[in-house]
file query-v4.pdb (PDB, C-alpha atoms and all ligand atoms)
ATOM      1  CA  MET A 237     -18.053 -18.284  18.061
ATOM      2  CA  ALA A 238     -16.954 -14.760  17.080
ATOM      3  CA  ASP A 239     -17.891 -13.086  13.781
ATOM      4  CA  VAL A 240     -14.248 -12.467  12.945
ATOM      5  CA  ALA A 241     -10.768 -13.049  14.366
ATOM      6  CA  VAL A 242      -8.020 -10.429  14.064
ATOM      7  CA  LEU A 243      -4.430 -11.678  14.222
ATOM      8  CA  GLY A 244      -1.918  -8.942  15.047
ATOM      9  CA  LEU A 245      -2.784  -5.842  17.037
ATOM     10  CA  GLY A 246      -0.126  -3.423  15.871
ATOM     11  CA  ASN A 247      -1.194  -0.020  14.582
ATOM     12  CA  MET A 248      -3.059  -1.495  11.612
ATOM     13  CA  GLY A 249      -4.514  -4.628  13.235
ATOM     14  CA  ALA A 250      -5.786  -2.677  16.261
ATOM     15  CA  SER A 251      -7.528  -0.198  13.938
ATOM     16  CA  VAL A 252      -9.115  -3.070  12.028
ATOM     17  CA  ALA A 253     -10.330  -4.709  15.257
ATOM     18  CA  ARG A 254     -11.703  -1.371  16.520
ATOM     19  CA  ALA A 255     -13.587  -0.671  13.286
ATOM     20  CA  LEU A 256     -15.177  -4.129  13.435
ATOM     21  CA  LEU A 257     -16.160  -3.697  17.092
ATOM     22  CA  ALA A 258     -17.577  -0.246  16.318
ATOM     23  CA  ASP A 259     -19.694  -1.871  13.582
ATOM     24  CA  GLY A 260     -21.209  -4.239  16.144
ATOM     25  CA  ARG A 261     -19.222  -7.388  15.277
ATOM     26  CA  SER A 262     -18.048  -9.897  17.846
ATOM     27  CA  VAL A 263     -14.261  -9.965  17.477
ATOM     28  CA  ALA A 264     -11.670 -12.462  18.727
ATOM     29  CA  VAL A 265      -8.136 -11.063  18.888
ATOM     30  CA  TRP A 266      -4.648 -12.453  19.182
ATOM     31  CA  ASN A 267      -1.298 -10.712  19.387
ATOM     32  CA  ARG A 268       2.149 -12.241  19.926
ATOM     33  CA  THR A 269       2.774  -9.869  22.829
ATOM     34  CA  ALA A 270      -0.270 -10.325  25.041
ATOM     35  CA  LYS A 271      -0.228  -6.880  26.632
ATOM     36  CA  ARG A 272      -1.380  -5.308  23.359
ATOM     37  CA  CYS A 273      -4.689  -7.202  23.727
ATOM     38  CA  GLY A 274      -5.656  -5.374  26.940
ATOM     39  CA  PRO A 275      -7.135  -2.194  25.422
ATOM     40  CA  LEU A 276      -9.085  -4.199  22.819
ATOM     41  CA  ALA A 277     -10.440  -6.513  25.545
ATOM     42  CA  ASP A 278     -11.623  -3.400  27.422
ATOM     43  CA  GLU A 279     -13.442  -2.367  24.222
ATOM     44  CA  GLY A 280     -15.251  -5.708  23.978
ATOM     45  CA  ALA A 281     -12.936  -8.050  22.056
ATOM     46  CA  GLU A 282     -12.461 -11.632  23.159
ATOM     47  CA  VAL A 283      -8.754 -12.429  23.681
ATOM     48  CA  ALA A 284      -7.558 -15.787  22.309
ATOM     49  CA  PRO A 285      -4.507 -17.482  23.866
ATOM     50  CA  SER A 286      -2.957 -18.383  20.487
ATOM     51  CA  ALA A 287      -3.271 -17.524  16.809
ATOM     52  CA  ASN A 288      -4.721 -20.974  16.177
ATOM     53  CA  ASP A 289      -7.344 -20.526  18.906
ATOM     54  CA  ALA A 290      -8.288 -17.159  17.420
ATOM     55  CA  ALA A 291      -8.447 -18.626  13.904
ATOM     56  CA  LEU A 292     -10.633 -21.522  15.070
ATOM     57  CA  SER A 293     -13.015 -19.190  16.856
ATOM     58  CA  ALA A 294     -14.384 -17.409  13.760
ATOM     59  CA  PRO A 295     -15.365 -18.061  10.125
ATOM     60  CA  ALA A 296     -13.256 -15.114   8.949
ATOM     61  CA  ILE A 297      -9.685 -14.358   9.990
ATOM     62  CA  ILE A 298      -8.105 -10.978   9.279
ATOM     63  CA  ALA A 299      -4.329 -10.943   9.631
ATOM     64  CA  SER A 300      -2.115  -7.885   9.923
ATOM     65  CA  VAL A 301       1.335  -8.697  11.251
ATOM     66  CA  LEU A 302       4.786  -7.469  10.309
ATOM     67  CA  ASP A 303       5.405  -9.886   7.446
ATOM     68  CA  TYR A 304       4.358 -13.211   5.935
ATOM     69  CA  ARG A 305       6.987 -15.171   7.840
ATOM     70  CA  ALA A 306       5.454 -13.943  11.099
ATOM     71  CA  LEU A 307       1.996 -15.016   9.929
ATOM     72  CA  GLN A 308       3.118 -18.465   8.784
ATOM     73  CA  GLN A 309       4.901 -18.916  12.131
ATOM     74  CA  ALA A 310       1.766 -17.871  14.001
ATOM     75  CA  LEU A 311      -0.382 -20.359  12.068
ATOM     76  CA  ALA A 312       2.254 -23.117  11.933
ATOM     77  CA  ASP A 313       0.368 -25.695  14.023
ATOM     78  CA  PRO A 314      -1.813 -28.056  12.004
ATOM     79  CA  LEU A 315      -5.139 -26.329  11.573
ATOM     80  CA  ASP A 316      -8.313 -27.318   9.760
ATOM     81  CA  MET A 317      -9.433 -24.149   8.016
ATOM     82  CA  SER A 318     -12.365 -25.600   6.115
ATOM     83  CA  GLY A 319     -15.282 -23.200   6.119
ATOM     84  CA  ARG A 320     -13.005 -20.298   7.053
ATOM     85  CA  THR A 321     -11.662 -17.438   4.977
ATOM     86  CA  VAL A 322      -8.343 -15.744   5.655
ATOM     87  CA  ILE A 323      -8.120 -12.072   4.683
ATOM     88  CA  ASN A 324      -4.465 -11.177   4.758
ATOM     89  CA  LEU A 325      -3.690  -7.482   5.119
ATOM     90  CA  THR A 326       0.012  -8.068   5.835
ATOM     91  CA  TRP A 327       2.210  -6.222   3.328
ATOM     92  CA  GLY A 328       4.345  -8.452   1.094
ATOM     93  CA  THR A 329       5.355  -9.692  -2.337
ATOM     94  CA  THR A 330       3.387 -11.570  -4.978
ATOM     95  CA  ASP A 331       5.320 -14.808  -4.282
ATOM     96  CA  GLU A 332       4.496 -14.536  -0.591
ATOM     97  CA  ALA A 333       0.800 -14.055  -1.381
ATOM     98  CA  ARG A 334       0.783 -17.119  -3.648
ATOM     99  CA  GLU A 335       2.576 -19.246  -1.030
ATOM    100  CA  LEU A 336       0.258 -18.202   1.766
ATOM    101  CA  ALA A 337      -2.830 -18.782  -0.393
ATOM    102  CA  GLU A 338      -1.557 -22.329  -1.061
ATOM    103  CA  PHE A 339      -0.828 -22.832   2.637
ATOM    104  CA  VAL A 340      -4.406 -21.825   3.561
ATOM    105  CA  SER A 341      -5.958 -23.733   0.672
ATOM    106  CA  ALA A 342      -4.055 -26.922   1.648
ATOM    107  CA  ARG A 343      -5.821 -26.628   5.023
ATOM    108  CA  GLY A 344      -9.219 -26.252   3.343
ATOM    109  CA  GLY A 345      -9.643 -22.481   3.780
ATOM    110  CA  GLY A 346     -10.535 -19.649   1.425
ATOM    111  CA  TYR A 347      -8.067 -16.842   0.875
ATOM    112  CA  VAL A 348      -8.347 -13.141   0.083
ATOM    113  CA  GLU A 349      -5.241 -10.997  -0.270
ATOM    114  CA  GLY A 350      -5.393  -7.361   0.784
ATOM    115  CA  GLY A 351      -3.047  -4.519  -0.112
ATOM    116  CA  VAL A 352      -3.622  -1.718   2.373
ATOM    117  CA  LEU A 353      -3.272   1.737   0.840
ATOM    118  CA  CYS A 354      -4.265   3.864   3.797
ATOM    119  CA  ARG A 355      -3.174   4.926   7.237
ATOM    120  CA  PRO A 356      -4.532   2.981  10.239
ATOM    121  CA  GLU A 357      -6.659   5.998  11.267
ATOM    122  CA  ALA A 358      -8.539   5.757   7.931
ATOM    123  CA  ILE A 359      -9.744   2.177   8.522
ATOM    124  CA  GLY A 360     -13.537   2.257   8.819
ATOM    125  CA  ARG A 361     -13.763   5.519   6.875
ATOM    126  CA  THR A 362     -14.427   6.307   3.233
ATOM    127  CA  ASP A 363     -10.665   6.814   2.704
ATOM    128  CA  GLY A 364      -9.793   3.396   4.180
ATOM    129  CA  ASP A 365      -8.693   2.176   0.752
ATOM    130  CA  ILE A 366      -7.664  -1.466   0.439
ATOM    131  CA  LEU A 367      -7.013  -3.476  -2.744
ATOM    132  CA  TYR A 368      -8.287  -7.054  -2.669
ATOM    133  CA  SER A 369      -7.597 -10.061  -4.878
ATOM    134  CA  GLY A 370      -8.560 -13.717  -4.786
ATOM    135  CA  PRO A 371     -11.433 -15.924  -5.943
ATOM    136  CA  SER A 372     -14.585 -13.821  -6.210
ATOM    137  CA  GLU A 373     -16.560 -16.393  -4.127
ATOM    138  CA  ALA A 374     -14.100 -15.914  -1.254
ATOM    139  CA  VAL A 375     -14.419 -12.131  -1.517
ATOM    140  CA  GLU A 376     -18.253 -12.350  -1.609
ATOM    141  CA  GLU A 377     -18.181 -14.549   1.482
ATOM    142  CA  VAL A 378     -16.520 -11.788   3.516
ATOM    143  CA  ARG A 379     -17.795  -8.694   1.658
ATOM    144  CA  PRO A 380     -19.822  -7.335   4.625
ATOM    145  CA  LEU A 381     -16.674  -7.428   6.797
ATOM    146  CA  LEU A 382     -14.562  -5.758   4.103
ATOM    147  CA  ASN A 383     -17.218  -3.056   3.713
ATOM    148  CA  THR A 384     -16.719  -2.212   7.369
ATOM    149  CA  LEU A 385     -13.025  -1.474   6.783
ATOM    150  CA  GLY A 386     -13.507   0.961   3.879
ATOM    151  CA  PRO A 387     -13.943   0.995   0.099
ATOM    152  CA  ILE A 388     -13.370  -2.403  -1.522
ATOM    153  CA  HIS A 389     -11.100  -2.190  -4.571
ATOM    154  CA  TYR A 390     -11.344  -5.692  -6.077
ATOM    155  CA  VAL A 391      -8.501  -6.104  -8.564
ATOM    156  CA  GLY A 392      -8.884  -9.697  -9.735
ATOM    157  CA  SER A 393      -9.171 -13.390  -8.975
ATOM    158  CA  ASP A 394      -5.399 -13.999  -9.089
ATOM    159  CA  VAL A 395      -4.381 -13.640  -5.409
ATOM    160  CA  THR A 396      -1.101 -11.952  -6.334
ATOM    161  CA  GLN A 397      -2.773  -8.919  -7.965
ATOM    162  CA  ALA A 398      -3.476  -6.934  -4.790
ATOM    163  CA  ASN A 399       0.171  -7.147  -3.745
ATOM    164  CA  ALA A 400       1.456  -6.427  -7.251
ATOM    165  CA  LEU A 401      -0.581  -3.227  -7.409
ATOM    166  CA  ALA A 402       0.052  -2.260  -3.784
ATOM    167  CA  LEU A 403       3.817  -2.544  -4.396
ATOM    168  CA  ALA A 404       3.548  -0.482  -7.590
ATOM    169  CA  LEU A 405       1.447   2.197  -5.902
ATOM    170  CA  GLY A 406       3.562   2.017  -2.751
ATOM    171  CA  SER A 407       6.512   3.320  -4.761
ATOM    172  CA  ILE A 408       4.417   6.387  -5.661
ATOM    173  CA  PHE A 409       3.545   6.871  -1.994
ATOM    174  CA  TYR A 410       7.161   6.705  -0.788
ATOM    175  CA  ALA A 411       8.523   8.956  -3.533
ATOM    176  CA  GLY A 412       5.642  11.379  -2.925
ATOM    177  CA  VAL A 413       6.142  11.606   0.825
ATOM    178  CA  LEU A 414       9.907  12.115   0.485
ATOM    179  CA  SER A 415       9.257  14.674  -2.191
ATOM    180  CA  PHE A 416       6.942  16.549   0.188
ATOM    181  CA  LEU A 417       9.662  16.481   2.875
ATOM    182  CA  GLU A 418      12.260  17.931   0.467
ATOM    183  CA  ALA A 419       9.732  20.612  -0.526
ATOM    184  CA  ALA A 420       8.885  21.363   3.121
ATOM    185  CA  ALA A 421      12.582  21.613   4.072
ATOM    186  CA  TYR A 422      13.236  24.033   1.207
ATOM    187  CA  ALA A 423      10.165  26.148   1.997
ATOM    188  CA  GLU A 424      11.103  26.274   5.671
ATOM    189  CA  ARG A 425      14.569  27.649   4.783
ATOM    190  CA  LEU A 426      12.722  30.453   3.008
ATOM    191  CA  GLY A 427      10.534  31.094   6.056
ATOM    192  CA  ILE A 428       7.446  29.255   4.746
ATOM    193  CA  PRO A 429       6.185  26.763   7.376
ATOM    194  CA  PRO A 430       5.260  23.141   6.492
ATOM    195  CA  GLU A 431       1.590  23.775   7.286
ATOM    196  CA  VAL A 432       1.462  26.115   4.288
ATOM    197  CA  VAL A 433       3.028  23.493   2.002
ATOM    198  CA  ALA A 434       0.993  20.437   3.141
ATOM    199  CA  PRO A 435      -2.470  21.446   1.870
ATOM    200  CA  LEU A 436      -0.954  22.581  -1.455
ATOM    201  CA  VAL A 437       0.453  19.063  -2.024
ATOM    202  CA  ARG A 438      -2.905  18.088  -3.573
ATOM    203  CA  ILE A 439      -2.159  20.367  -6.568
ATOM    204  CA  PRO A 440       0.974  18.546  -7.865
ATOM    205  CA  LEU A 441      -0.609  15.208  -6.902
ATOM    206  CA  GLY A 442      -3.576  16.057  -9.140
ATOM    207  CA  LEU A 443      -1.099  16.865 -11.899
ATOM    208  CA  VAL A 444       0.546  13.479 -11.404
ATOM    209  CA  GLY A 445      -2.880  11.908 -11.975
ATOM    210  CA  SER A 446      -3.675  13.865 -15.125
ATOM    211  CA  THR A 447      -0.150  13.299 -16.510
ATOM    212  CA  ALA A 448      -0.483   9.563 -15.769
ATOM    213  CA  ASP A 449      -3.790   9.510 -17.705
ATOM    214  CA  ALA A 450      -2.207  11.337 -20.661
ATOM    215  CA  SER A 451       0.811   8.991 -20.546
ATOM    216  CA  VAL A 452      -1.439   5.907 -20.629
ATOM    217  CA  ASP A 453      -3.003   7.197 -23.799
ATOM    218  CA  GLN A 454       0.451   7.840 -25.317
ATOM    219  CA  ILE A 455       1.748   4.438 -24.201
ATOM    220  CA  LYS A 456      -1.212   2.760 -25.926
ATOM    221  CA  ARG A 457      -0.443   4.651 -29.133
ATOM    222  CA  GLN A 458       3.356   4.379 -28.622
ATOM    223  CA  ASP A 459       3.440   8.019 -29.653
ATOM    224  CA  PHE A 460       4.875  10.442 -27.136
ATOM    225  CA  ALA A 461       4.721  13.583 -29.223
ATOM    226  CA  GLY A 462       2.429  16.182 -27.691
ATOM    227  CA  SER A 463       1.687  19.819 -27.058
ATOM    228  CA  GLU A 464       1.716  19.930 -23.228
ATOM    229  CA  ALA A 465       5.359  19.919 -22.060
ATOM    230  CA  SER A 466       8.462  18.395 -23.621
ATOM    231  CA  ASN A 467      11.156  16.587 -21.672
ATOM    232  CA  ALA A 468      13.495  19.509 -22.441
ATOM    233  CA  VAL A 469      11.044  21.844 -20.671
ATOM    234  CA  HIS A 470      10.686  19.448 -17.724
ATOM    235  CA  ALA A 471      14.495  19.079 -17.505
ATOM    236  CA  ALA A 472      14.994  22.859 -17.362
ATOM    237  CA  ALA A 473      12.245  23.274 -14.748
ATOM    238  CA  LEU A 474      13.671  20.465 -12.640
ATOM    239  CA  ALA A 475      17.171  21.970 -12.920
ATOM    240  CA  SER A 476      15.803  25.183 -11.327
ATOM    241  CA  VAL A 477      14.288  23.135  -8.491
ATOM    242  CA  THR A 478      17.594  21.344  -7.883
ATOM    243  CA  GLN A 479      19.532  24.604  -8.042
ATOM    244  CA  ALA A 480      17.159  26.275  -5.564
ATOM    245  CA  PHE A 481      17.263  23.306  -3.147
ATOM    246  CA  SER A 482      21.051  23.236  -3.398
ATOM    247  CA  ALA A 483      21.365  26.987  -2.719
ATOM    248  CA  ALA A 484      19.092  26.553   0.330
ATOM    249  CA  GLY A 485      21.534  23.925   1.666
ATOM    250  CA  ILE A 486      19.058  21.046   1.933
ATOM    251  CA  GLU A 487      19.354  17.457   0.735
ATOM    252  CA  HIS A 488      17.736  16.940  -2.679
ATOM    253  CA  ARG A 489      18.426  13.297  -3.402
ATOM    254  CA  LEU A 490      15.007  12.677  -4.883
ATOM    255  CA  THR A 491      15.109  15.531  -7.387
ATOM    256  CA  ASP A 492      18.698  14.482  -8.256
ATOM    257  CA  ALA A 493      17.490  10.945  -8.969
ATOM    258  CA  VAL A 494      14.642  12.223 -11.147
ATOM    259  CA  GLY A 495      17.135  14.453 -12.983
ATOM    260  CA  THR A 496      19.129  11.379 -14.058
ATOM    261  CA  TYR A 497      16.122  10.233 -16.115
ATOM    262  CA  PHE A 498      15.934  13.560 -17.958
ATOM    263  CA  ASP A 499      19.727  13.432 -18.533
ATOM    264  CA  SER A 500      19.275  10.022 -20.165
ATOM    265  CA  ALA A 501      16.326  11.315 -22.191
ATOM    266  CA  ALA A 502      18.487  14.129 -23.590
ATOM    267  CA  LYS A 503      21.278  11.665 -24.469
ATOM    268  CA  MET A 504      18.799   9.355 -26.185
ATOM    269  CA  GLY A 505      17.171  12.078 -28.214
ATOM    270  CA  LEU A 506      13.866  11.913 -26.324
ATOM    271  CA  ASP A 507      13.862  15.549 -25.173
ATOM    272  CA  ALA A 508      11.334  16.799 -27.730
ATOM    273  CA  LEU A 509       8.848  14.145 -26.564
ATOM    274  CA  GLU A 510       6.557  14.227 -23.535
ATOM    275  CA  VAL A 511       7.411  12.665 -20.195
ATOM    276  CA  GLY A 512       5.667   9.311 -20.899
ATOM    277  CA  ALA A 513       8.571   8.565 -23.272
ATOM    278  CA  LEU A 514      10.778   8.006 -20.198
ATOM    279  CA  LEU A 515       9.001   4.666 -19.843
ATOM    280  CA  ARG A 516      11.315   3.459 -22.612
ATOM    281  CA  ILE A 517      14.297   4.164 -20.340
ATOM    282  CA  ILE A 518      12.640   2.686 -17.237
ATOM    283  CA  SER A 519      11.454  -0.464 -19.030
ATOM    284  CA  LYS A 520      14.852  -0.695 -20.736
ATOM    285  CA  THR A 521      13.204  -0.813 -24.144
ATOM    286  CA  ALA A 522      14.834   2.386 -25.454
ATOM    287  CA  VAL A 523      17.070   1.906 -28.453
TER
HETATM  288  N1  LIG B 601       0.834   1.251   9.568
HETATM  289  C1  LIG B 601       0.549   1.572   8.319
HETATM  290  O1  LIG B 601       0.371   2.753   7.948
HETATM  291  C2  LIG B 601       0.403   0.465   7.259
HETATM  292  C3  LIG B 601      -0.129   0.802   5.989
HETATM  293  C4  LIG B 601      -0.241  -0.211   5.037
HETATM  294  C5  LIG B 601       0.150  -1.502   5.342
HETATM  295  N2  LIG B 601       0.670  -1.791   6.576
HETATM  296  C6  LIG B 601       1.099  -3.173   6.820
HETATM  297  O2  LIG B 601       0.361  -3.718   7.925
HETATM  298  C7  LIG B 601       1.183  -4.678   8.611
HETATM  299  C8  LIG B 601       1.200  -4.319  10.096
HETATM  300  O3  LIG B 601       1.762  -2.998  10.224
HETATM  301  P1  LIG B 601       1.600  -2.154  11.562
HETATM  302  O4  LIG B 601       1.800  -0.738  11.195
HETATM  303  O5  LIG B 601       0.397  -2.588  12.294
HETATM  304  O6  LIG B 601       2.917  -2.651  12.331
HETATM  305  P2  LIG B 601       3.223  -2.599  13.894
HETATM  306  O7  LIG B 601       2.417  -1.557  14.573
HETATM  307  O8  LIG B 601       4.709  -2.563  14.035
HETATM  308  O9  LIG B 601       2.731  -4.031  14.385
HETATM  309  C9  LIG B 601       3.366  -5.202  13.931
HETATM  310  C10 LIG B 601       2.527  -6.388  14.339
HETATM  311  O10 LIG B 601       3.181  -7.585  13.876
HETATM  312  C11 LIG B 601       3.392  -8.461  14.985
HETATM  313  N3  LIG B 601       4.574  -9.261  14.778
HETATM  314  C12 LIG B 601       5.823  -8.858  14.453
HETATM  315  N4  LIG B 601       6.648  -9.919  14.343
HETATM  316  C13 LIG B 601       5.899 -11.019  14.616
HETATM  317  C14 LIG B 601       6.174 -12.406  14.675
HETATM  318  N5  LIG B 601       7.396 -12.911  14.403
HETATM  319  N6  LIG B 601       5.164 -13.253  14.986
HETATM  320  C15 LIG B 601       3.912 -12.771  15.257
HETATM  321  N7  LIG B 601       3.587 -11.465  15.235
HETATM  322  C16 LIG B 601       4.575 -10.599  14.912
HETATM  323  C17 LIG B 601       3.543  -7.521  16.171
HETATM  324  O11 LIG B 601       3.358  -8.229  17.356
HETATM  325  P3  LIG B 601       4.050  -7.722  18.719
HETATM  326  O12 LIG B 601       3.116  -6.716  19.312
HETATM  327  O13 LIG B 601       4.184  -8.961  19.516
HETATM  328  O14 LIG B 601       5.390  -7.130  18.351
HETATM  329  C18 LIG B 601       2.406  -6.535  15.865
HETATM  330  O15 LIG B 601       1.148  -7.088  16.150
HETATM  331  C19 LIG B 601       2.567  -4.627   7.955
HETATM  332  O16 LIG B 601       2.699  -5.656   7.028
HETATM  333  C20 LIG B 601       2.555  -3.249   7.253
HETATM  334  O17 LIG B 601       3.442  -3.182   6.162
HETATM  335  C21 LIG B 601       0.787  -0.837   7.539
END
call {"tool": "encode", "arguments": {"input": "query-v4.pdb", "output": "structure tokens"}}
result
Amino acid sequence: MADVAVLGLGNMGASVARALLADGRSVAVWNRTAKRCGPLADEGAEVAPSANDAALSAPAIIASVLDYRALQQALADPLDMSGRTVINLTWGTTDEARELAEFVSARGGGYVEGGVLCRPEAIGRTDGDILYSGPSEAVEEVRPLLNTLGPIHYVGSDVTQANALALALGSIFYAGVLSFLEAAAYAERLGIPPEVVAPLVRIPLGLVGSTADASVDQIKRQDFAGSEASNAVHAAALASVTQAFSAAGIEHRLTDAVGTYFDSAAKMGLDALEVGALLRIISKTAV
């Protein structure tokens, strides 16, 4: 009997298996394409011939495959999961999380949903951030294993919560990375290399955090008047960014898209308010 089984040895699953091995756990592994198991076997993992065999060989099963369909296919054979807990780190929607939790529960198993918010290299480190949701007893059952992977961010007993928040925060990640690439392309045209831009990214990201905090306060009060920066000021600043990117001959689709929100704000008479007021446009509650 292994301490834990890892299903899926792609970039993320392999990192998970390695972190567990490094922490002294006995690990059973399975991957659809067997050749990916070789390096993990060399590092001490026990290779299972099927997902079901792997799942039956441990009380905890950590899954990280492409999508939920792949995981349901892998675990399709009838399987008694009583006494086992599935920790699903596969990225997906809230409906998929609910369905998979029911699938596991119908087979007698416990279920913890995980929303991974880090790169594979961060697994096992203090920046290996993962959101978890599901019954607290199920989370407590596997807490020592989760601790091995990185900080545990428990977001609630409803299994869908980890995915809901991971999807919401994922949109910030994707917009942020693309925004960095637009910034790096512009800077490079002006002879400033990307390695100068990358460490400075933390400054605007910190501003995003403090502006989000201020917006939360305004949303609670439903009062977006303030003395920091009006939407008119933001719109003018953003127009200079767009103009500069355009003159440098780079794509600036992201800044263009953001500009459409400020255009709407001006049309709706929200330009004297602070940026949190754009929530009315996004939520379609603006009159
Ligand atoms: N990489 C990241 O930075 C990151 C961050 C957050 C979340 N995630 C999530 O973690 C999950 C895994 O990502 P990854 O980066 O490890 O992907 P990856 O390197 O492409 O690996 C994909 C894994 O899924 C397996 N797979 C694909 N289709 C399958 C099927 N039909 N049946 C069984 N197994 C199947 C692959 O097996 P084969 O080897 O046989 O193809 C492989 O083990 C995804 O849901 C991803 O969104 C990744």
call {"tool": "resolve_selection", "arguments": {"input": "query-v4.pdb", "expression": "the PyMOL selection byres (((chain A and resi 316) around 12) and not hetatm)", "output": "list of chain:residue names"}}
result
A:Asn288, A:Asp289, A:Ala291, A:Leu292, A:Ser293, A:Pro295, A:Leu311, A:Ala312, A:Asp313, A:Pro314, A:Leu315, A:Met317, A:Ser318, A:Gly319, A:Arg320, A:Thr321, A:Phe339, A:Val340, A:Ser341, A:Ala342, A:Arg343, A:Gly344, A:Gly345, A:Gly346
call {"tool": "residues_near_ligand", "arguments": {"input": "query-v4.pdb", "ligand": "ligand LIG 601 (chain B)", "cutoff": "8 Å", "atoms": "all atoms listed in the file", "output": "PyMOL selection string"}}
result
chain A and resi 243-250+267-270+272+300-307+309-310+325-328+351-356
call {"tool": "atom_distance", "arguments": {"input": "query-v4.pdb", "atom1": "CA of Val283 (chain A)", "atom2": "CA of Ala253 (chain A)"}}
result
11.5 Å
call {"tool": "residues_around", "arguments": {"input": "query-v4.pdb", "residues": "region 409-416 of chain A", "least_positions_apart": "4", "cutoff": "10 Å", "atoms": "all atoms listed in the file", "output": "PyMOL selection string"}}
result
chain A and resi 353+402-405+420-422+430+433-434+437+440-441+488-491
call {"tool": "closest_atom_pairs", "arguments": {"input": "query-v4.pdb", "of": "region 369-451 of chain A", "to": "region 503-510 of chain A", "cutoff": "10 Å", "atoms": "only C-alpha atoms", "output": "Markdown table"}}
result
| residue | atom | partner | partner_atom | distance |
| --- | --- | --- | --- | --- |
| A:Thr447 | CA | A:Glu510 | CA | 9.8 |
| A:Ala450 | CA | A:Glu510 | CA | 9.7 |
| A:Ser451 | CA | A:Glu510 | CA | 8.3 |
call {"tool": "resolve_selection", "arguments": {"input": "query-v4.pdb", "expression": "the PyMOL selection byres (((chain A and resi 386) around 6) and not hetatm)", "output": "VMD selection string"}}
result
chain A and resid 360 to 362 364 to 365 383 to 385 387
call {"tool": "atom_distance", "arguments": {"input": "query-v4.pdb", "atom1": "CA of His389 (chain A)", "atom2": "CA of Val265 (chain A)"}}
result
25.3 Å
call {"tool": "closest_residue", "arguments": {"input": "query-v4.pdb", "among": "A:Val322, A:Leu367, A:Leu514, A:Ala238", "to": "Val263 (chain A)", "atoms": "all atoms listed in the file"}}
result
A:Ala238
call {"tool": "resolve_selection", "arguments": {"input": "query-v4.pdb", "expression": "the PyMOL selection byres (((chain A and resi 516) around 12) and not hetatm)", "output": "list in words"}}
result
Ile455, Gln458, Asp459, Phe460, Tyr497, Ser500, Ala501, Met504, Gly505, Leu506, Leu509, Glu510, Val511, Gly512, Ala513, Leu514, Leu515, Ile517, Ile518, Ser519, Lys520, Thr521, Ala522 and Val523 of chain A
call {"tool": "closest_atom_pairs", "arguments": {"input": "query-v4.pdb", "of": "region 237-307 of chain A", "to": "region 369-378 of chain A", "cutoff": "12 Å", "atoms": "all atoms listed in the file", "output": "Markdown table"}}
result
| residue | atom | partner | partner_atom | distance |
| --- | --- | --- | --- | --- |
| A:Asp239 | CA | A:Val378 | CA | 10.4 |
| A:Val240 | CA | A:Val378 | CA | 9.7 |
| A:Ala294 | CA | A:Val378 | CA | 11.9 |
| A:Pro295 | CA | A:Val378 | CA | 9.2 |
| A:Ala296 | CA | A:Val378 | CA | 7.2 |
| A:Ile297 | CA | A:Val378 | CA | 9.8 |
| A:Ile298 | CA | A:Val378 | CA | 10.2 |
call {"tool": "closest_residue", "arguments": {"input": "query-v4.pdb", "among": "A:Ser286, A:Asn324, A:Thr496, A:Thr330", "to": "Thr478 (chain A)", "atoms": "all atoms listed in the file"}}
result
A:Thr496
call {"tool": "atom_distance", "arguments": {"input": "query-v4.pdb", "atom1": "CA of Gly274 (chain A)", "atom2": "CA of Leu256 (chain A)"}}
result
16.6 Å
call {"tool": "axis_aligned_box", "arguments": {"input": "query-v4.pdb", "around": "region 333-348 of chain A", "padding_each_side": "5 Å", "output": "AutoDock Vina command-line options"}}
result
--center_x -4.0 --center_y -20.0 --center_z 0.7 --size_x 23.1 --size_y 23.8 --size_z 18.7
call {"tool": "residues_near_point", "arguments": {"input": "query-v4.pdb", "point": "(-8.1, -0.8, -8.0)", "cutoff": "9 Å", "atoms": "only C-alpha atoms", "output": "PyMOL selection string"}}
result
chain A and resi 366-368+388-391+398+401
call {"tool": "closest_residue", "arguments": {"input": "query-v4.pdb", "among": "A:Val469, A:Ala284, A:Ala484, A:Leu474", "to": "Met237 (chain A)", "atoms": "all atoms listed in the file"}}
result
A:Ala284
call {"tool": "decode", "arguments": {"input": "query-v4.pdb", "residues": "region 450-454 of chain A", "atoms": "N, CA, C and O atoms", "output": "mmCIF file, in the first residue's frame"}}
result
data_model
loop_
_atom_site.group_PDB
_atom_site.id
_atom_site.type_symbol
_atom_site.label_atom_id
_atom_site.label_comp_id
_atom_site.auth_asym_id
_atom_site.auth_seq_id
_atom_site.Cartn_x
_atom_site.Cartn_y
_atom_site.Cartn_z
ATOM 1 N N ALA A 450 -9.465 48.930 -2.300
ATOM 2 C CA ALA A 450 -10.243 50.179 -2.237
ATOM 3 C C ALA A 450 -11.591 49.987 -2.934
ATOM 4 O O ALA A 450 -12.626 50.486 -2.459
ATOM 5 N N SER A 451 -11.598 49.229 -4.042
ATOM 6 C CA SER A 451 -12.849 49.013 -4.780
ATOM 7 C C SER A 451 -13.831 48.204 -3.944
ATOM 8 O O SER A 451 -15.044 48.455 -3.968
ATOM 9 N N VAL A 452 -13.311 47.206 -3.202
ATOM 10 C CA VAL A 452 -14.194 46.380 -2.365
ATOM 11 C C VAL A 452 -14.930 47.273 -1.372
ATOM 12 O O VAL A 452 -16.151 47.156 -1.183
ATOM 13 N N ASP A 453 -14.185 48.176 -0.784
ATOM 14 C CA ASP A 453 -14.779 49.088 0.182
ATOM 15 C C ASP A 453 -15.872 49.932 -0.499
ATOM 16 O O ASP A 453 -16.974 50.109 0.040
ATOM 17 N N GLN A 454 -15.565 50.427 -1.707
ATOM 18 C CA GLN A 454 -16.550 51.251 -2.431
ATOM 19 C C GLN A 454 -17.764 50.430 -2.860
ATOM 20 O O GLN A 454 -18.899 50.912 -2.828
#
